[in-house]
$ cat final-v2.cif   # mmCIF, C-alpha atoms
data_run
loop_
_atom_site.group_PDB
_atom_site.id
_atom_site.type_symbol
_atom_site.label_atom_id
_atom_site.label_comp_id
_atom_site.auth_asym_id
_atom_site.auth_seq_id
_atom_site.Cartn_x
_atom_site.Cartn_y
_atom_site.Cartn_z
ATOM 1 C CA MET Y 1 363.862 -93.075 48.924
ATOM 2 C CA PRO Y 2 366.837 -94.534 50.824
ATOM 3 C CA LYS Y 3 369.401 -92.220 52.378
ATOM 4 C CA TYR Y 4 373.124 -93.018 52.282
ATOM 5 C CA LEU Y 5 376.163 -91.825 54.201
ATOM 6 C CA ILE Y 6 379.311 -91.799 52.064
ATOM 7 C CA GLU Y 7 382.757 -91.684 53.628
ATOM 8 C CA ARG Y 8 385.358 -90.210 51.297
ATOM 9 C CA GLU Y 9 389.032 -90.286 52.220
ATOM 10 C CA LEU Y 10 390.711 -87.113 51.002
ATOM 11 C CA PRO Y 11 393.992 -86.242 52.742
ATOM 12 C CA GLY Y 12 394.013 -82.578 53.687
ATOM 13 C CA ALA Y 13 390.275 -82.141 53.113
ATOM 14 C CA GLY Y 14 390.004 -79.818 56.097
ATOM 15 C CA LYS Y 15 392.572 -77.486 54.546
ATOM 16 C CA LEU Y 16 390.827 -77.129 51.172
ATOM 17 C CA SER Y 17 390.139 -73.528 50.226
ATOM 18 C CA ARG Y 18 386.673 -72.149 49.573
ATOM 19 C CA GLU Y 19 387.498 -72.131 45.855
ATOM 20 C CA GLN Y 20 388.582 -75.782 45.940
ATOM 21 C CA LEU Y 21 385.415 -76.780 47.780
ATOM 22 C CA ARG Y 22 383.367 -74.813 45.251
ATOM 23 C CA ALA Y 23 385.066 -76.676 42.369
ATOM 24 C CA ILE Y 24 384.350 -80.043 44.023
ATOM 25 C CA SER Y 25 380.730 -79.008 44.571
ATOM 26 C CA GLN Y 26 380.337 -77.865 40.965
ATOM 27 C CA LYS Y 27 381.771 -81.142 39.656
ATOM 28 C CA SER Y 28 379.431 -83.130 41.890
ATOM 29 C CA CYS Y 29 376.393 -81.125 40.773
ATOM 30 C CA GLY Y 30 377.350 -81.611 37.129
ATOM 31 C CA VAL Y 31 377.451 -85.387 37.570
ATOM 32 C CA LEU Y 32 374.156 -85.321 39.476
ATOM 33 C CA ASN Y 33 372.551 -83.463 36.572
ATOM 34 C CA THR Y 34 373.606 -86.210 34.156
ATOM 35 C CA LEU Y 35 372.335 -88.976 36.456
ATOM 36 C CA GLY Y 36 368.902 -87.400 36.796
ATOM 37 C CA PRO Y 37 366.582 -86.469 39.645
ATOM 38 C CA GLN Y 38 366.610 -89.902 41.290
ATOM 39 C CA ILE Y 39 369.823 -89.057 43.174
ATOM 40 C CA GLN Y 40 370.071 -86.035 45.452
ATOM 41 C CA TRP Y 41 372.982 -84.608 47.407
ATOM 42 C CA ILE Y 42 371.711 -83.445 50.803
ATOM 43 C CA GLU Y 43 374.893 -82.118 52.460
ATOM 44 C CA SER Y 44 378.509 -82.924 53.269
ATOM 45 C CA TYR Y 45 380.738 -82.550 56.300
ATOM 46 C CA VAL Y 46 384.422 -81.777 55.795
ATOM 47 C CA THR Y 47 386.890 -83.012 58.414
ATOM 48 C CA GLY Y 48 390.686 -83.199 58.571
ATOM 49 C CA ASP Y 49 391.210 -85.980 56.031
ATOM 50 C CA LYS Y 50 387.685 -87.056 55.101
ATOM 51 C CA ILE Y 51 384.445 -85.791 53.661
ATOM 52 C CA TYR Y 52 381.180 -87.355 54.810
ATOM 53 C CA CYS Y 53 378.302 -86.913 52.373
ATOM 54 C CA VAL Y 54 374.585 -87.549 52.754
ATOM 55 C CA TYR Y 55 372.683 -88.577 49.611
ATOM 56 C CA ARG Y 56 369.250 -89.850 48.705
ATOM 57 C CA ALA Y 57 369.249 -92.431 45.927
ATOM 58 C CA PRO Y 58 367.203 -95.444 44.873
ATOM 59 C CA ASN Y 59 370.152 -97.762 45.500
ATOM 60 C CA GLU Y 60 373.834 -97.954 46.415
ATOM 61 C CA GLU Y 61 374.828 -98.573 42.794
ATOM 62 C CA MET Y 62 373.649 -95.095 41.783
ATOM 63 C CA VAL Y 63 375.756 -93.595 44.580
ATOM 64 C CA ARG Y 64 378.745 -95.558 43.243
ATOM 65 C CA GLN Y 65 378.040 -94.303 39.702
ATOM 66 C CA HIS Y 66 378.175 -90.740 40.985
ATOM 67 C CA ALA Y 67 381.492 -91.415 42.719
ATOM 68 C CA THR Y 68 382.998 -93.059 39.633
ATOM 69 C CA GLN Y 69 381.804 -90.448 37.139
ATOM 70 C CA GLY Y 70 382.880 -87.581 39.358
ATOM 71 C CA GLY Y 71 386.222 -89.072 40.296
ATOM 72 C CA PHE Y 72 385.272 -88.833 43.976
ATOM 73 C CA PRO Y 73 386.603 -91.585 46.247
ATOM 74 C CA ALA Y 74 383.779 -93.467 47.966
ATOM 75 C CA TYR Y 75 385.636 -95.402 50.651
ATOM 76 C CA LYS Y 76 382.481 -96.575 52.396
ATOM 77 C CA ILE Y 77 378.779 -96.314 51.543
ATOM 78 C CA THR Y 78 376.267 -97.087 54.289
ATOM 79 C CA GLU Y 79 372.484 -96.990 54.069
ATOM 80 C CA VAL Y 80 370.907 -94.935 56.867
ATOM 81 C CA THR Y 81 368.238 -97.026 58.587
ATOM 82 C CA SER Y 82 367.088 -94.518 61.231
ATOM 83 C CA VAL Y 83 367.693 -90.944 62.285
ATOM 84 C CA ILE Y 84 367.614 -89.791 65.891
ATOM 85 C CA ASP Y 85 368.057 -86.392 67.475
ATOM 86 C CA PRO Y 86 367.231 -84.786 70.835
ATOM 87 C CA SER Y 87 363.507 -84.873 70.044
ATOM 88 C CA THR Y 88 363.703 -88.699 69.940
ATOM 89 C CA ALA Y 89 364.039 -88.609 73.720
ATOM 90 C CA ASP Y 90 360.601 -87.014 74.117
#

$ encode --input "final-v2.cif" --output "structure tokens"
Amino acid sequence: MPKYLIERELPGAGKLSREQLRAISQKSCGVLNTLGPQIQWIESYVTGDKIYCVYRAPNEEMVRQHATQGGFPAYKITEVTSVIDPSTAD
């Protein structure tokens, strides 16, 4: 299944409290449950004013549905074509 990187602009994201991040996570999981098992949230990275999320989904449209239903801004959605890490050098 394709993997996607979602860039979400959220001013002050890096200053969100643990409780606020928990609420965002709970909302996201609730939407994922309604969309079904075809879409999976892998992890997210919180930075100063953005959140970068990694999802598996059959297509970009399903990722957009999640963003729309959850009220999460999806500024940019990019399909991951390859993954490299230090072991790639071996």

$ residues_around --input "final-v2.cif" --residues "Ile39 of chain Y" --least-positions-apart "4" --cutoff "10 Å" --atoms "only C-alpha atoms" --output "list in words"
Met1, Pro2, Lys3, Leu32, Asn33, Leu35, Tyr55, Arg56, Ala57, Pro58, Asn59, Met62, Val63 and His66 of chain Y

$ resolve_selection --input "final-v2.cif" --expression "the PyMOL selection byres ((chain Y and resi 82) around 12)" --output "ChimeraX atom specification"
/Y:2-5,78-81,83-85,88

$ residues_around --input "final-v2.cif" --residues "segment 11-18 of chain Y" --least-positions-apart "4" --cutoff "8 Å" --atoms "all atoms listed in the file" --output "compact mmCIF listing (two decimals) with C-alpha atoms, keeping the file's coordinate frame"
# COMPACT_ATOMS: atom_id res chain seq x y z
CA ARG Y 22 383.37 -74.81 45.25
CA VAL Y 46 384.42 -81.78 55.80
CA THR Y 47 386.89 -83.01 58.41
CA GLY Y 48 390.69 -83.20 58.57
CA ASP Y 49 391.21 -85.98 56.03
CA LYS Y 50 387.68 -87.06 55.10
CA ILE Y 51 384.44 -85.79 53.66

$ atom_distance --input "final-v2.cif" --atom1 "atom CA of Thr68 of chain Y" --atom2 "atom CA of Ser28 of chain Y"
10.8 Å

$ resolve_selection --input "final-v2.cif" --expression "the PyMOL selection byres ((chain Y and resi 29-31) around 10)" --output "list in words"
Ala23, Ile24, Ser25, Gln26, Lys27, Ser28, Leu32, Asn33, Thr34, Leu35, Gly36, Gln40, Trp41, Gln65, His66, Ala67, Thr68, Gln69, Gly70 and Gly71 of chain Y

$ atom_distance --input "final-v2.cif" --atom1 "atom CA of Glu7 of chain Y" --atom2 "atom CA of Gln20 of chain Y"
18.6 Å

$ resolve_selection --input "final-v2.cif" --expression "the PyMOL selection byres ((chain Y and resi 43) around 9)" --output "PyMOL selection string"
chain Y and resi 41-42+44-45+52-55

$ write_last_selection --input "final-v2.cif" --atoms "C-alpha atoms" --output "PDB file, in the coordinates of the input"
ATOM      1  CA  TRP Y  41     372.982 -84.608  47.407  1.00  0.00           C
ATOM      2  CA  ILE Y  42     371.711 -83.445  50.803  1.00  0.00           C
ATOM      3  CA  SER Y  44     378.509 -82.924  53.269  1.00  0.00           C
ATOM      4  CA  TYR Y  45     380.738 -82.550  56.300  1.00  0.00           C
ATOM      5  CA  TYR Y  52     381.180 -87.355  54.810  1.00  0.00           C
ATOM      6  CA  CYS Y  53     378.302 -86.913  52.373  1.00  0.00           C
ATOM      7  CA  VAL Y  54     374.585 -87.549  52.754  1.00  0.00           C
ATOM      8  CA  TYR Y  55     372.683 -88.577  49.611  1.00  0.00           C
TER       9      TYR Y  55
END

$ atom_distance --input "final-v2.cif" --atom1 "atom CA of Ile6 of chain Y" --atom2 "atom CA of Glu61 of chain Y"
12.3 Å

$ axis_aligned_box --input "final-v2.cif" --around "segment 23-34 of chain Y" --padding-each-side "6 Å" --output "lines of an AutoDock Vina configuration file"
center_x = 378.8
center_y = -81.4
center_z = 39.4
size_x = 24.5
size_y = 21.5
size_z = 22.4
